[in-house]
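S.K.: Submitted below is the structure of interest, expressed as structure tokens.
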Amino acid sequence: MEANIIRTGRVVLHVADLDRSRKFYVDALGLIETETRGDELYLRGLEEHNHHSIVLKKSSEPRVEVISYKVMSDSDLDRLEELFNAKGMKTKWLEKGSQHAVGRTLRTQDPSGMPVEFYAEMDTVERMLQRYDLYKGARIQRIDHFNCMVRDVEKAYHFYIDELGFACSEYTAAEDERIWAAWLHRKPSVHDVAFMNGKGPRLHHTGFWLSDQLSLIHACDVLASMGYTQNIERGPGRHGLSNAFFLYLRDPDGHRIELYNGDYLTSDPDFKPVRWDINDPRRQTFWGHAAPDSWFEEASEVMNLFAEEDETVMEIGEPTLKQRKPTFVI
């Protein structure tokens with residue numbers, strides 16, 4: 001069964017201080033604050049017509065509650081439940097009204113242990129694409145993708161392609177042709193989700209798309225002027241993989257955000273995945289400074305949706321393949 005998944009939808013992050021997070025995400029990066037309700041802050045990009053693409057929840061510990069995908073219709077949620085149950089995966093329904101601005105949602109822990117949510121309905125709001133008077137910071141347009149650090153990339157790869165109908169745009173192959181990392185998509189771009197080899201399950205980053213490279217450079221100036229220089233972890237630079245012009249940031253709670261521009265069309269049925277050799281120095285960085293060790297070693301812990309106690313995180317395990325730090329071209 002192929003589920004009719006449309007695209008990356010939203011991410012729910014737990015943070016310590018909403019005011020501190022608002023200053024970073026709204027004032028510095030330029031996301032639109034849709035609304036704040038109690039201990040929850042709802043944000044979206046300038047071109048997004050749905051209520052939000054990121055939820056920040058006040059919590060004692062920073063962690064990822066769930067990453068979400070939008071599906072075509074409510075009936076797709078029922079089909080997904082059938083699929084997951086047939087695979088022996090636990091599922092949890094959150095009925096309409098239990099989460100603000102979102103319809104009925106289905107949650108599960110995917111085979112890698114990532115907490116995943118699917119929904120068809122979300123409230124709509126005014127699109128700010130041509131409200132240029134509101135453009136500031138990075139001028140973020142929309143959420144684009146997730147990058148998940150998992151123990152077994154091939155396991156994730158086959159589940160998302162064979163069972164959920166994703167396609168592969170690019171991948172990294174080790175010496176024995178085992179898949180070390182993979183970029184998978186439902187929308188016709190490079191990826192909605194990437195899986196990279198490492199200690200997991202953890203969320204490496206959430207990617208947000210910018211309309212042009214100058215917006216990314218402008219974001220660097222704004223971040224520096226507001227005292228966020230130390231929050232710039234990596235970049236600017238260009239990936240070999242995906243061809244993205246990138247900047248990686250750490251938010252005040254340590255969650256990693258990628259701002260990027262680039263990408264290309266992957267909709268043709270005869271499109272063939274791009275293979276990168278693990279020893280190719282240009283695969284991670286086509287040009288730019290070497291990534292710090294933190295980029296390879298650190299990521300956000302994710303919640304166990306089915307633990308008996310609330311706020312329980314998934315146990316982190318060692319990867320099946322050896323971790324590697326590539327050589328970079330400066």
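Residue numbering restarts at 1 for every chain of the structure tokens, chains are lettered A, B, ... in their displayed order, and ligands are numbered from 1 as they appear.
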Do you know which residues are at most 9 Å from region 232-247 of chain A counting only C-alpha atoms, after dropping those on the same chain fewer than 3 positions away, and could you put them as a compact mmCIF listing (two decimals) with N, CA and C atoms, in the first residue's frame?
M.R.:
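Result file is part_19.txt:
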# COMPACT_ATOMS: atom_id res chain seq x y z
N SER A 169 16.44 10.64 -3.97
CA SER A 169 17.07 11.59 -4.89
C SER A 169 18.58 11.42 -4.92
N GLU A 170 19.18 11.25 -3.72
CA GLU A 170 20.62 11.10 -3.61
C GLU A 170 20.94 10.18 -2.44
N TYR A 171 22.11 9.55 -2.50
CA TYR A 171 22.53 8.69 -1.40
C TYR A 171 24.04 8.59 -1.36
N THR A 172 24.54 8.22 -0.19
CA THR A 172 25.97 7.99 0.00
C THR A 172 26.20 6.50 0.18
N TRP A 183 18.66 10.58 0.92
CA TRP A 183 17.77 11.73 0.84
C TRP A 183 16.49 11.29 0.11
N VAL A 190 14.50 17.69 -3.60
CA VAL A 190 15.52 16.71 -3.20
C VAL A 190 15.06 15.86 -2.02
N HIS A 191 14.44 16.47 -1.02
CA HIS A 191 14.04 15.64 0.12
C HIS A 191 12.98 16.28 1.01
N GLN A 213 19.85 33.40 -2.02
CA GLN A 213 21.07 33.29 -1.22
C GLN A 213 21.34 34.54 -0.39
N LEU A 216 20.02 34.41 3.07
CA LEU A 216 20.86 33.65 4.00
C LEU A 216 22.01 34.51 4.51
N ILE A 217 22.66 35.24 3.61
CA ILE A 217 23.75 36.12 4.02
C ILE A 217 23.23 37.22 4.94
N CYS A 220 22.87 36.09 8.45
CA CYS A 220 24.12 36.09 9.21
C CYS A 220 24.39 37.46 9.83
N LEU A 223 21.83 37.96 12.70
CA LEU A 223 22.17 37.14 13.85
C LEU A 223 23.36 37.72 14.62
N ALA A 224 24.38 38.16 13.89
CA ALA A 224 25.55 38.73 14.54
C ALA A 224 25.21 40.03 15.26
N TYR A 228 23.92 36.67 18.28
CA TYR A 228 23.78 35.23 18.06
C TYR A 228 24.94 34.64 17.26
N THR A 229 26.09 35.28 17.26
CA THR A 229 27.22 34.76 16.50
C THR A 229 27.57 33.33 16.89
N ARG A 250 22.13 26.77 15.82
CA ARG A 250 21.61 26.12 17.02
C ARG A 250 20.71 27.12 17.74
N ARG A 256 18.91 22.08 16.25
CA ARG A 256 19.62 22.54 15.06
C ARG A 256 18.61 22.89 13.95
N ILE A 257 18.85 24.05 13.33
CA ILE A 257 18.03 24.54 12.23
C ILE A 257 18.94 24.74 11.02
N GLU A 258 18.48 24.30 9.85
CA GLU A 258 19.20 24.61 8.62
C GLU A 258 18.40 25.64 7.83
N LEU A 259 19.06 26.71 7.43
CA LEU A 259 18.52 27.65 6.46
C LEU A 259 19.19 27.33 5.13
N TYR A 260 18.38 27.19 4.09
CA TYR A 260 19.04 26.83 2.83
C TYR A 260 18.25 27.31 1.62
N ASN A 261 19.00 27.40 0.52
CA ASN A 261 18.46 27.77 -0.77
C ASN A 261 19.17 26.89 -1.79
N GLY A 262 18.47 26.54 -2.85
CA GLY A 262 19.07 25.68 -3.86
C GLY A 262 18.06 24.64 -4.30
N ASP A 263 18.47 23.38 -4.25
CA ASP A 263 17.53 22.31 -4.57
C ASP A 263 17.33 22.19 -6.08
N TYR A 264 16.58 21.18 -6.51
CA TYR A 264 16.28 21.00 -7.92
C TYR A 264 15.08 20.07 -8.06
N VAL A 274 21.17 10.10 -7.42
CA VAL A 274 22.59 10.46 -7.54
C VAL A 274 23.37 9.72 -6.46
N TRP A 276 26.76 9.14 -4.32
CA TRP A 276 27.99 9.77 -3.84
C TRP A 276 28.82 8.72 -3.10
N PRO A 281 35.26 13.93 -1.09
CA PRO A 281 35.31 15.05 -0.14
C PRO A 281 34.27 16.13 -0.42
N ARG A 282 33.64 16.10 -1.61
CA ARG A 282 32.69 17.16 -1.95
C ARG A 282 31.25 16.81 -1.59
N ARG A 283 31.01 15.60 -1.11
CA ARG A 283 29.62 15.20 -0.91
C ARG A 283 28.95 16.01 0.19
N GLN A 284 29.61 16.22 1.31
CA GLN A 284 29.02 17.00 2.38
C GLN A 284 29.24 18.50 2.19
N THR A 285 30.40 18.86 1.69
CA THR A 285 30.70 20.27 1.46
C THR A 285 31.35 20.44 0.10
N PHE A 286 30.61 20.98 -0.83
CA PHE A 286 31.15 21.28 -2.16
C PHE A 286 32.21 22.35 -2.04
N TRP A 287 31.93 23.36 -1.21
CA TRP A 287 32.93 24.33 -0.78
C TRP A 287 32.50 24.89 0.56
N GLY A 288 33.47 25.36 1.33
CA GLY A 288 33.17 25.94 2.63
C GLY A 288 34.11 25.40 3.70
N HIS A 289 33.99 25.93 4.88
CA HIS A 289 34.84 25.52 5.98
C HIS A 289 34.41 24.15 6.53
N ALA A 290 35.34 23.47 7.12
CA ALA A 290 35.06 22.16 7.71
C ALA A 290 34.01 22.27 8.80
N ALA A 291 33.13 21.30 8.85
CA ALA A 291 32.11 21.28 9.89
C ALA A 291 32.75 20.94 11.24
N PRO A 292 32.24 21.54 12.31
CA PRO A 292 32.76 21.21 13.64
C PRO A 292 32.33 19.82 14.07
N SER A 294 30.72 19.01 16.56
CA SER A 294 29.34 19.03 17.07
C SER A 294 28.33 18.68 15.99
N TRP A 295 28.62 19.05 14.74
CA TRP A 295 27.68 18.79 13.64
C TRP A 295 27.52 17.29 13.40
S.K.: Please tabulate, as JSON lines, the residues of region 267-325 of chain A that come within 8 Å of region 203-211 of chain A, each with its closest pair of atoms and the distance in Å to one decimal, counting only C-alpha atoms and ordering rows by chain, then residue number upward.
M.R.:
{"residue": "A:Glu298", "atom": "CA", "partner": "A:His204", "partner_atom": "CA", "distance": 7.4}
{"residue": "A:Ala299", "atom": "CA", "partner": "A:His204", "partner_atom": "CA", "distance": 4.6}
{"residue": "A:Ser300", "atom": "CA", "partner": "A:Leu203", "partner_atom": "CA", "distance": 5.1}
{"residue": "A:Glu301", "atom": "CA", "partner": "A:Leu203", "partner_atom": "CA", "distance": 6.7}
{"residue": "A:Val302", "atom": "CA", "partner": "A:Leu203", "partner_atom": "CA", "distance": 6.9}
S.K.: Atoms to include: N, CA and C atoms. Write the selected residues as an mmCIF file, in the first residue's frame.
M.R.:
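File written: result_13.cif
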data_model
loop_
_atom_site.group_PDB
_atom_site.id
_atom_site.type_symbol
_atom_site.label_atom_id
_atom_site.label_comp_id
_atom_site.auth_asym_id
_atom_site.auth_seq_id
_atom_site.Cartn_x
_atom_site.Cartn_y
_atom_site.Cartn_z
ATOM 1 N N GLU A 298 26.314 15.802 17.715
ATOM 2 C CA GLU A 298 25.201 16.284 18.531
ATOM 3 C C GLU A 298 23.906 16.349 17.730
ATOM 4 N N ALA A 299 22.804 16.034 18.393
ATOM 5 C CA ALA A 299 21.470 16.089 17.793
ATOM 6 C C ALA A 299 20.448 16.098 18.919
ATOM 7 N N SER A 300 19.210 16.392 18.576
ATOM 8 C CA SER A 300 18.159 16.504 19.586
ATOM 9 C C SER A 300 17.563 15.142 19.925
ATOM 10 N N GLU A 301 17.396 14.892 21.218
ATOM 11 C CA GLU A 301 16.730 13.671 21.652
ATOM 12 C C GLU A 301 15.253 13.716 21.255
ATOM 13 N N VAL A 302 14.687 12.537 21.021
ATOM 14 C CA VAL A 302 13.288 12.441 20.595
ATOM 15 C C VAL A 302 12.478 11.681 21.633
#
S.K.: As a list in words, please: all residues of region 247-280 of chain A that backbone DSSP puts in strand (DSSP E or B).
M.R.: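 The residues of region 247-280 of chain A classed as strand (DSSP E or B) are Leu247, Tyr248, Leu249, Arg250, Arg256, Ile257, Glu258, Leu259, Tyr260, Asn261, Val274, Arg275, Trp276 and Asp277 of chain A.
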S.K.: Residues of region 151-305 of chain A in helix (DSSP H, G or I) according to DSSP, as a PDB file with N, CA, C and O atoms, in the first residue's frame?
M.R.:
ATOM      1  N   VAL A 153      20.536   3.107   8.511  1.00  0.00           N
ATOM      2  CA  VAL A 153      19.973   3.903   7.425  1.00  0.00           C
ATOM      3  C   VAL A 153      19.244   3.024   6.422  1.00  0.00           C
ATOM      4  O   VAL A 153      18.174   3.389   5.924  1.00  0.00           O
ATOM      5  N   GLU A 154      19.789   1.861   6.121  1.00  0.00           N
ATOM      6  CA  GLU A 154      19.151   0.998   5.130  1.00  0.00           C
ATOM      7  C   GLU A 154      17.760   0.546   5.580  1.00  0.00           C
ATOM      8  O   GLU A 154      16.841   0.444   4.768  1.00  0.00           O
ATOM      9  N   LYS A 155      17.610   0.296   6.855  1.00  0.00           N
ATOM     10  CA  LYS A 155      16.302  -0.090   7.388  1.00  0.00           C
ATOM     11  C   LYS A 155      15.291   1.026   7.179  1.00  0.00           C
ATOM     12  O   LYS A 155      14.155   0.790   6.735  1.00  0.00           O
ATOM     13  N   ALA A 156      15.691   2.250   7.487  1.00  0.00           N
ATOM     14  CA  ALA A 156      14.808   3.400   7.268  1.00  0.00           C
ATOM     15  C   ALA A 156      14.538   3.600   5.784  1.00  0.00           C
ATOM     16  O   ALA A 156      13.397   3.856   5.370  1.00  0.00           O
ATOM     17  N   TYR A 157      15.566   3.491   4.990  1.00  0.00           N
ATOM     18  CA  TYR A 157      15.467   3.666   3.533  1.00  0.00           C
ATOM     19  C   TYR A 157      14.409   2.743   2.939  1.00  0.00           C
ATOM     20  O   TYR A 157      13.511   3.176   2.202  1.00  0.00           O
ATOM     21  N   HIS A 158      14.480   1.468   3.249  1.00  0.00           N
ATOM     22  CA  HIS A 158      13.554   0.498   2.661  1.00  0.00           C
ATOM     23  C   HIS A 158      12.129   0.691   3.181  1.00  0.00           C
ATOM     24  O   HIS A 158      11.160   0.535   2.421  1.00  0.00           O
ATOM     25  N   PHE A 159      11.967   1.058   4.438  1.00  0.00           N
ATOM     26  CA  PHE A 159      10.622   1.266   4.967  1.00  0.00           C
ATOM     27  C   PHE A 159       9.952   2.458   4.295  1.00  0.00           C
ATOM     28  O   PHE A 159       8.801   2.382   3.848  1.00  0.00           O
ATOM     29  N   TYR A 160      10.663   3.557   4.206  1.00  0.00           N
ATOM     30  CA  TYR A 160      10.055   4.772   3.645  1.00  0.00           C
ATOM     31  C   TYR A 160       9.813   4.644   2.141  1.00  0.00           C
ATOM     32  O   TYR A 160       8.824   5.180   1.619  1.00  0.00           O
ATOM     33  N   ILE A 161      10.656   3.924   1.433  1.00  0.00           N
ATOM     34  CA  ILE A 161      10.456   3.740  -0.010  1.00  0.00           C
ATOM     35  C   ILE A 161       9.441   2.639  -0.291  1.00  0.00           C
ATOM     36  O   ILE A 161       8.469   2.836  -1.032  1.00  0.00           O
ATOM     37  N   ASP A 162       9.634   1.469   0.306  1.00  0.00           N
ATOM     38  CA  ASP A 162       8.801   0.319  -0.014  1.00  0.00           C
ATOM     39  C   ASP A 162       7.402   0.412   0.581  1.00  0.00           C
ATOM     40  O   ASP A 162       6.427  -0.060  -0.021  1.00  0.00           O
ATOM     41  N   GLU A 163       7.279   1.014   1.757  1.00  0.00           N
ATOM     42  CA  GLU A 163       5.990   1.030   2.444  1.00  0.00           C
ATOM     43  C   GLU A 163       5.265   2.377   2.363  1.00  0.00           C
ATOM     44  O   GLU A 163       4.046   2.422   2.294  1.00  0.00           O
ATOM     45  N   GLN A 213      19.850  33.402  -2.015  1.00  0.00           N
ATOM     46  CA  GLN A 213      21.069  33.290  -1.222  1.00  0.00           C
ATOM     47  C   GLN A 213      21.338  34.540  -0.395  1.00  0.00           C
ATOM     48  O   GLN A 213      21.900  34.462   0.701  1.00  0.00           O
ATOM     49  N   LEU A 214      20.921  35.702  -0.888  1.00  0.00           N
ATOM     50  CA  LEU A 214      21.153  36.936  -0.137  1.00  0.00           C
ATOM     51  C   LEU A 214      20.376  36.943   1.174  1.00  0.00           C
ATOM     52  O   LEU A 214      20.819  37.552   2.156  1.00  0.00           O
ATOM     53  N   SER A 215      19.238  36.265   1.210  1.00  0.00           N
ATOM     54  CA  SER A 215      18.487  36.174   2.458  1.00  0.00           C
ATOM     55  C   SER A 215      19.291  35.423   3.506  1.00  0.00           C
ATOM     56  O   SER A 215      19.272  35.771   4.688  1.00  0.00           O
ATOM     57  N   LEU A 216      20.020  34.409   3.072  1.00  0.00           N
ATOM     58  CA  LEU A 216      20.856  33.651   4.002  1.00  0.00           C
ATOM     59  C   LEU A 216      22.013  34.506   4.514  1.00  0.00           C
ATOM     60  O   LEU A 216      22.310  34.512   5.711  1.00  0.00           O
ATOM     61  N   ILE A 217      22.660  35.241   3.613  1.00  0.00           N
ATOM     62  CA  ILE A 217      23.752  36.117   4.025  1.00  0.00           C
ATOM     63  C   ILE A 217      23.233  37.221   4.942  1.00  0.00           C
ATOM     64  O   ILE A 217      23.857  37.565   5.960  1.00  0.00           O
ATOM     65  N   HIS A 218      22.075  37.775   4.589  1.00  0.00           N
ATOM     66  CA  HIS A 218      21.471  38.809   5.433  1.00  0.00           C
ATOM     67  C   HIS A 218      21.183  38.260   6.822  1.00  0.00           C
ATOM     68  O   HIS A 218      21.364  38.958   7.834  1.00  0.00           O
ATOM     69  N   ALA A 219      20.746  37.012   6.897  1.00  0.00           N
ATOM     70  CA  ALA A 219      20.471  36.390   8.193  1.00  0.00           C
ATOM     71  C   ALA A 219      21.726  36.360   9.056  1.00  0.00           C
ATOM     72  O   ALA A 219      21.652  36.568  10.275  1.00  0.00           O
ATOM     73  N   CYS A 220      22.868  36.090   8.446  1.00  0.00           N
ATOM     74  CA  CYS A 220      24.123  36.086   9.208  1.00  0.00           C
ATOM     75  C   CYS A 220      24.389  37.456   9.829  1.00  0.00           C
ATOM     76  O   CYS A 220      24.790  37.547  11.001  1.00  0.00           O
ATOM     77  N   ASP A 221      24.162  38.513   9.058  1.00  0.00           N
ATOM     78  CA  ASP A 221      24.363  39.858   9.582  1.00  0.00           C
ATOM     79  C   ASP A 221      23.404  40.155  10.729  1.00  0.00           C
ATOM     80  O   ASP A 221      23.793  40.727  11.755  1.00  0.00           O
ATOM     81  N   VAL A 222      22.155  39.763  10.557  1.00  0.00           N
ATOM     82  CA  VAL A 222      21.154  40.018  11.604  1.00  0.00           C
ATOM     83  C   VAL A 222      21.491  39.229  12.864  1.00  0.00           C
ATOM     84  O   VAL A 222      21.437  39.757  13.981  1.00  0.00           O
ATOM     85  N   LEU A 223      21.831  37.965  12.704  1.00  0.00           N
ATOM     86  CA  LEU A 223      22.174  37.139  13.852  1.00  0.00           C
ATOM     87  C   LEU A 223      23.359  37.724  14.619  1.00  0.00           C
ATOM     88  O   LEU A 223      23.349  37.797  15.851  1.00  0.00           O
ATOM     89  N   ALA A 224      24.375  38.162  13.885  1.00  0.00           N
ATOM     90  CA  ALA A 224      25.549  38.734  14.538  1.00  0.00           C
ATOM     91  C   ALA A 224      25.206  40.027  15.265  1.00  0.00           C
ATOM     92  O   ALA A 224      25.662  40.266  16.391  1.00  0.00           O
ATOM     93  N   SER A 225      24.372  40.853  14.644  1.00  0.00           N
ATOM     94  CA  SER A 225      24.030  42.137  15.257  1.00  0.00           C
ATOM     95  C   SER A 225      23.190  41.962  16.515  1.00  0.00           C
ATOM     96  O   SER A 225      23.190  42.826  17.396  1.00  0.00           O
ATOM     97  N   THR A 229      26.087  35.277  17.263  1.00  0.00           N
ATOM     98  CA  THR A 229      27.222  34.758  16.498  1.00  0.00           C
ATOM     99  C   THR A 229      27.574  33.331  16.893  1.00  0.00           C
ATOM    100  O   THR A 229      27.857  32.478  16.038  1.00  0.00           O
ATOM    101  N   GLN A 230      27.542  33.027  18.183  1.00  0.00           N
ATOM    102  CA  GLN A 230      27.890  31.685  18.653  1.00  0.00           C
ATOM    103  C   GLN A 230      26.844  30.647  18.278  1.00  0.00           C
ATOM    104  O   GLN A 230      27.101  29.443  18.371  1.00  0.00           O
ATOM    105  N   ASN A 231      25.658  31.094  17.856  1.00  0.00           N
ATOM    106  CA  ASN A 231      24.619  30.159  17.428  1.00  0.00           C
ATOM    107  C   ASN A 231      24.814  29.694  15.993  1.00  0.00           C
ATOM    108  O   ASN A 231      24.136  28.770  15.544  1.00  0.00           O
ATOM    109  N   LEU A 241      25.959  17.092  -1.925  1.00  0.00           N
ATOM    110  CA  LEU A 241      24.640  16.476  -1.831  1.00  0.00           C
ATOM    111  C   LEU A 241      23.566  17.561  -1.823  1.00  0.00           C
ATOM    112  O   LEU A 241      23.644  18.517  -1.052  1.00  0.00           O
ATOM    113  N   SER A 242      22.610  17.448  -2.697  1.00  0.00           N
ATOM    114  CA  SER A 242      21.425  18.323  -2.803  1.00  0.00           C
ATOM    115  C   SER A 242      21.730  19.674  -3.437  1.00  0.00           C
ATOM    116  O   SER A 242      20.812  20.406  -3.784  1.00  0.00           O
ATOM    117  N   ASN A 243      22.998  20.050  -3.556  1.00  0.00           N
ATOM    118  CA  ASN A 243      23.400  21.335  -4.131  1.00  0.00           C
ATOM    119  C   ASN A 243      22.939  22.526  -3.296  1.00  0.00           C
ATOM    120  O   ASN A 243      22.917  23.666  -3.766  1.00  0.00           O
ATOM    121  N   ASP A 293      33.019  19.278  15.057  1.00  0.00           N
ATOM    122  CA  ASP A 293      32.663  17.951  15.553  1.00  0.00           C
ATOM    123  C   ASP A 293      31.217  17.895  16.027  1.00  0.00           C
ATOM    124  O   ASP A 293      30.563  16.859  15.918  1.00  0.00           O
ATOM    125  N   SER A 294      30.718  19.010  16.561  1.00  0.00           N
ATOM    126  CA  SER A 294      29.342  19.030  17.072  1.00  0.00           C
ATOM    127  C   SER A 294      28.331  18.682  15.993  1.00  0.00           C
ATOM    128  O   SER A 294      27.292  18.080  16.281  1.00  0.00           O
ATOM    129  N   TRP A 295      28.618  19.050  14.740  1.00  0.00           N
ATOM    130  CA  TRP A 295      27.680  18.788  13.645  1.00  0.00           C
ATOM    131  C   TRP A 295      27.517  17.287  13.402  1.00  0.00           C
ATOM    132  O   TRP A 295      26.462  16.829  12.992  1.00  0.00           O
ATOM    133  N   PHE A 296      28.558  16.525  13.682  1.00  0.00           N
ATOM    134  CA  PHE A 296      28.522  15.076  13.489  1.00  0.00           C
ATOM    135  C   PHE A 296      28.065  14.335  14.741  1.00  0.00           C
ATOM    136  O   PHE A 296      27.541  13.225  14.653  1.00  0.00           O
ATOM    137  N   GLU A 297      28.272  14.926  15.893  1.00  0.00           N
ATOM    138  CA  GLU A 297      28.066  14.192  17.142  1.00  0.00           C
ATOM    139  C   GLU A 297      26.798  14.583  17.903  1.00  0.00           C
ATOM    140  O   GLU A 297      26.268  13.770  18.661  1.00  0.00           O
TER     141      GLU A 297
END
S.K.: With only C-alpha atoms as the counted atoms, please give the residues lying no more than 10 Å from region 74-87 of chain A, apart from itself and same-chain residues fewer than 6 positions off, as a tab-separated table (two decimals) with N, CA, C and O atoms, in the first residue's frame.
M.R.:
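Resulting contents of around_32.tsv:
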chain	number	residue	atom	x	y	z
A	1	MET	N	0.83	-1.20	0.00
A	1	MET	CA	0.00	0.00	0.00
A	1	MET	C	0.86	1.25	0.00
A	1	MET	O	1.83	1.35	0.75
A	2	GLU	N	0.55	2.19	-0.90
A	2	GLU	CA	1.27	3.45	-0.92
A	2	GLU	C	0.40	4.54	-0.30
A	2	GLU	O	-0.68	4.83	-0.80
A	3	ALA	N	0.85	5.11	0.78
A	3	ALA	CA	0.12	6.19	1.43
A	3	ALA	C	0.31	7.47	0.63
A	3	ALA	O	1.38	7.71	0.06
A	4	ASN	N	-0.73	8.28	0.59
A	4	ASN	CA	-0.67	9.51	-0.19
A	4	ASN	C	-0.13	10.65	0.67
A	4	ASN	O	-0.86	11.56	1.07
A	5	ILE	N	1.13	10.57	0.98
A	5	ILE	CA	1.81	11.59	1.77
A	5	ILE	C	2.22	12.72	0.82
A	5	ILE	O	2.77	12.47	-0.25
A	93	TRP	N	-3.98	7.67	18.18
A	93	TRP	CA	-4.80	8.70	17.56
A	93	TRP	C	-4.91	9.91	18.49
A	93	TRP	O	-5.12	9.76	19.69
A	103	GLY	N	-6.32	18.88	12.62
A	103	GLY	CA	-7.38	17.88	12.65
A	103	GLY	C	-6.91	16.59	13.28
A	103	GLY	O	-5.92	16.56	14.03
A	104	ARG	N	-7.59	15.52	12.96
A	104	ARG	CA	-7.23	14.21	13.49
A	104	ARG	C	-5.82	13.84	13.04
A	104	ARG	O	-5.45	14.03	11.88
A	105	THR	N	-5.01	13.33	13.96
A	105	THR	CA	-3.64	12.96	13.63
A	105	THR	C	-3.36	11.54	14.09
A	105	THR	O	-3.92	11.05	15.08
A	106	LEU	N	-2.47	10.90	13.37
A	106	LEU	CA	-2.01	9.55	13.70
A	106	LEU	C	-0.53	9.62	14.04
A	106	LEU	O	0.27	10.16	13.27
A	107	ARG	N	-0.18	9.06	15.19
A	107	ARG	CA	1.22	9.06	15.61
A	107	ARG	C	1.74	7.64	15.73
A	107	ARG	O	1.01	6.72	16.08
A	108	THR	N	3.02	7.49	15.45
A	108	THR	CA	3.68	6.21	15.60
A	108	THR	C	5.17	6.44	15.82
A	108	THR	O	5.67	7.54	15.65
A	109	GLN	N	5.86	5.39	16.21
A	109	GLN	CA	7.32	5.41	16.28
A	109	GLN	C	7.79	4.62	15.07
A	109	GLN	O	7.46	3.43	14.92
A	110	ASP	N	8.50	5.25	14.15
A	110	ASP	CA	8.88	4.54	12.93
A	110	ASP	C	9.93	3.47	13.24
A	110	ASP	O	10.40	3.37	14.38
A	111	PRO	N	10.30	2.64	12.27
A	111	PRO	CA	11.24	1.54	12.55
A	111	PRO	C	12.59	1.98	13.11
A	111	PRO	O	13.30	1.18	13.73
A	117	GLU	N	4.28	11.77	13.00
A	117	GLU	CA	2.86	12.10	13.02
A	117	GLU	C	2.39	12.37	11.59
A	117	GLU	O	3.14	12.90	10.77
A	118	PHE	N	1.14	12.02	11.32
A	118	PHE	CA	0.53	12.27	10.01
A	118	PHE	C	-0.80	12.98	10.23
A	118	PHE	O	-1.56	12.63	11.13
A	119	TYR	N	-1.08	13.97	9.37
A	119	TYR	CA	-2.33	14.71	9.47
A	119	TYR	C	-2.77	15.14	8.08
A	119	TYR	O	-1.95	15.26	7.16
A	120	ALA	N	-4.06	15.38	7.91
A	120	ALA	CA	-4.59	15.85	6.64
A	120	ALA	C	-5.11	17.27	6.72
A	120	ALA	O	-5.14	17.99	5.72
A	121	GLU	N	-5.53	17.68	7.90
A	121	GLU	CA	-6.23	18.95	8.07
A	121	GLU	C	-5.48	19.88	9.02
A	121	GLU	O	-5.03	19.46	10.09
A	163	GLU	N	7.28	1.01	1.76
A	163	GLU	CA	5.99	1.03	2.44
A	163	GLU	C	5.26	2.38	2.36
A	163	GLU	O	4.05	2.42	2.29
A	164	LEU	N	6.00	3.47	2.36
A	164	LEU	CA	5.37	4.79	2.40
A	164	LEU	C	5.42	5.53	1.07
A	164	LEU	O	4.86	6.62	0.95
S.K.: So that I can check the surroundings of region 29-34 of chain A, please list as a ChimeraX atom specification every protein, DNA and RNA residue that reaches within 9 Å of it, counting only C-alpha atoms and ignoring chain neighbours fewer than 6 positions away.
M.R.: /A:22-23,41-46,51-52,125,128,134-141,219,222-223
S.K.: List the spatial neighbours of Val66 (chain A) as a PyMOL selection string - criterion: any atom at most 8 Å away, only C-alpha atoms, same-chain residues fewer than 3 positions off excluded.
M.R.: chain A and resi 11-13+114-117+302-303
S.K.: What is the distance between CA of Arg202 (chain A) and CA of Lys322 (chain A), in Å to one decimal?
M.R.: 16.9 Å
S.K.: Grab the CA of Thr91 (chain A) to CA of Gly113 (chain A) distance for me, in Å with one decimal place.
M.R.: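 CA of Gly113 (chain A) lies 12.7 Å from CA of Thr91 (chain A).
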S.K.: Counting only C-alpha atoms, which residue out of A:Asn147, A:Ser68, A:Ser267, A:Thr124 sits closest to Ala167 (chain A)?
M.R.: A:Ser267
S.K.: Closest to Cys148 (chain A) among A:Met122, A:Glu177, A:Met196, A:Pro188, using only C-alpha atoms?
M.R.: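 Of the candidates, the smallest distance to Cys148 (chain A) is held by A:Met196.
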S.K.: Measure the distance from CA of Val193 (chain A) to CA of Gly165 (chain A) in Å and round it to one decimal.
M.R.: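 Taking CA of Val193 (chain A) and CA of Gly165 (chain A), their separation equals 12.6 Å.
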